[in-house]
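The block underneath contains the structure these notes are about, expressed in structure tokens.
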Amino acid sequence: MGGIADHPPHRKRLLVFSALLGSLSATLFLLLPSSSPIWPILALLAMFSNAGFGASIVAMNAYLPTLAKEAPEVSELRECLLKLQGKQKATRCGSNSQSDHRDSSEPLLASSLSSPPPTTDDSLHTLQTEYDANLSATTARISSHGIAFGYIAGIVLVVVALIPVNMLQGSTWALRVAIGLSGIWWAAGTLPAAIWLPSSGETSSPTEVEAEAEEWGYSQPWTGPDEDWSMGREIVRAWVRLGNMLRWSEVQKLKNTFKYLAAWFLLSDGFTTITSTALLFAKTSLSMPPSSLILVGILTPLSGILGSLLWPKLQQKLGWSNLKILVLLVVLASLIPAYGCLGFFFEGRHTSDSPEVLAVEVKFGGLTTPGEMFGLAVVFGSVYGAFQGYARAFYAELIPPGDEARWYGLFSITDKSSSFVGPLIVGLIADTTGNIHYAFFFLVLMIWAALPILLAVDVQVDQVDARNYQYQGRQDIGDVM
């Protein structure tokens, strides 16, 4: 779907169509009772719903760089930067013209002494740095706020769906009602995007796009007529492009982007596995009742909302880059399973080893009590919500301009392809040892293994490589097709 979403007129269409496909498929669960002879068709509806969700996520993420660039504070800096670049270009042309027409009898020393020192390059570098930092922070803010709104919508749906589910006492009809309501809520959430989200390319005129591409040194997005575009051809190209993107020669062109994808492979699976392992641990080892597990499930997204909103404000105050914030979030997340590992020390500990002194068993520390689970749910939620926002925002800095959907498609593929690794290893550890507590050691190692890869990403080098790759990549695709 990346090639289709990168075609300016069709990005919004793909987003709306895939969202409506998924929501309609989920809503149709309401119309098919379990006694129906065509009940197995629900499997197809589930597939369509998941496919629609995946495609809409790719198209939605591809909007992130565009929305950040159109933010007022970023747009203002961008205009100033383009004007300064044009002034610098005009100054250089004027200097060359003057040097060509200078009188040969004029002393060179006098000419050099009378000319002012060049300051345009310094101003351009300063403004460029300010623009990049502002764009990075704005991207993270928009991404984090999107995650927060997603959590809010999910909590509202859970609260609403619990009413019929409890009234129907968890029957098959109750599950169908919950799925159907999620489809209706999904369709309702798509309406604002369908109404107010601009189609890609509407915010900038072709002249502005060409001028920006010329000044910044990359090829502008494809803006040819619709009659030259074919969905079937784009689907074929998408598969060809995916194969080309994973070739070693292409990986070498964007080393830092693929370094981040390697870290993302570990981190995305690590964070989701922490969630599932913690709930399973709470149910089996801490014997927490279903009502407590539901409370944990509510506390996590609630704190995720707060984390998504507060971390961008903290970034603004500290003046840190997205990479620094992301590394800090990863370190904080790793402390949660690390704390669980301490349970081997605290579990069954006594206040005294002396037989003369009455010993009292200590049941606190190292995730050995339900109260600690509630506290860690709040901490993890505040970190995880911000991590989701910053992970995709930082990735926006590493991908070629104009190819956002293709690369966010690879971002989603990397996420989904690693989703089985963590649960598989945790299951093997639990089956082998008979104690899921040992899985926390694996989770710490999995998160820490991604840290050196993440720290090795050079953003400035990758941004230059990404701008160069865009032109070369398009040529490669054109040659293939």
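We name chains A, B, ... following the order of the structure tokens; residues begin at 1 in each chain, and ligands are numbered from 1 as shown.
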
Segment 256-370 of chain A: residues DSSP assigns to helix (DSSP H, G or I), reported as an MDAnalysis selection string: chainID A and resid 256:284 290:318 322:341 343:346 370

Polymer residues at most 8 Å from Ala262 of chain A, only C-alpha atoms, same-chain spacing of 4 or more positions, as a PyMOL selection string: chain A and resi 258+266+450+453

Nearest candidate to Val158 of chain A (options A:Val240, A:Ala140, A:Leu295, A:Leu28; using only C-alpha atoms): A:Leu295

Selected residue, from A:Asp132, A:Glu397, A:Lys317, A:Phe29, that lies nearest to Gly183 of chain A when counting only C-alpha atoms: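 With only C-alpha atoms as the atom set, the closest residue is A:Phe29.
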
All residues 10 Å or closer to Gln316 of chain A, only C-alpha atoms, same chain fewer than 3 positions away omitted, as an MDAnalysis selection string: chainID A and resid 134 137:138 141 311:313 319:321

Close residues, Ile155 of chain A itself excluded, 10 Å, only C-alpha atoms, min 6 positions apart in chain, as a PyMOL selection string: chain A and resi 149+161+297-298+301-302

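Distances to Leu332 of chain A were evaluated for A:Pro65, A:Gly22, A:Gly381, A:Pro370 using only C-alpha atoms, and the minimum falls at A:Gly381.
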
Which residue of A:Ala377, A:Ala178, A:Val331, A:Leu67 approaches Ser276 of chain A most closely, using only C-alpha atoms: A:Ala377

Distance of atom CA of Phe394 of chain A from atom CA of Thr257 of chain A, expressed in Å to one decimal place: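 Here the two named atoms are 10.3 Å from each other.
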
Exercise: segment 68-81 of chain A partners within 10 Å, only C-alpha atoms, chain neighbours under 2 positions left out, as a VMD selection string: chain A and resid 63 to 66 83 to 87 123 to 128 130 to 143 203 to 204 212 215 393
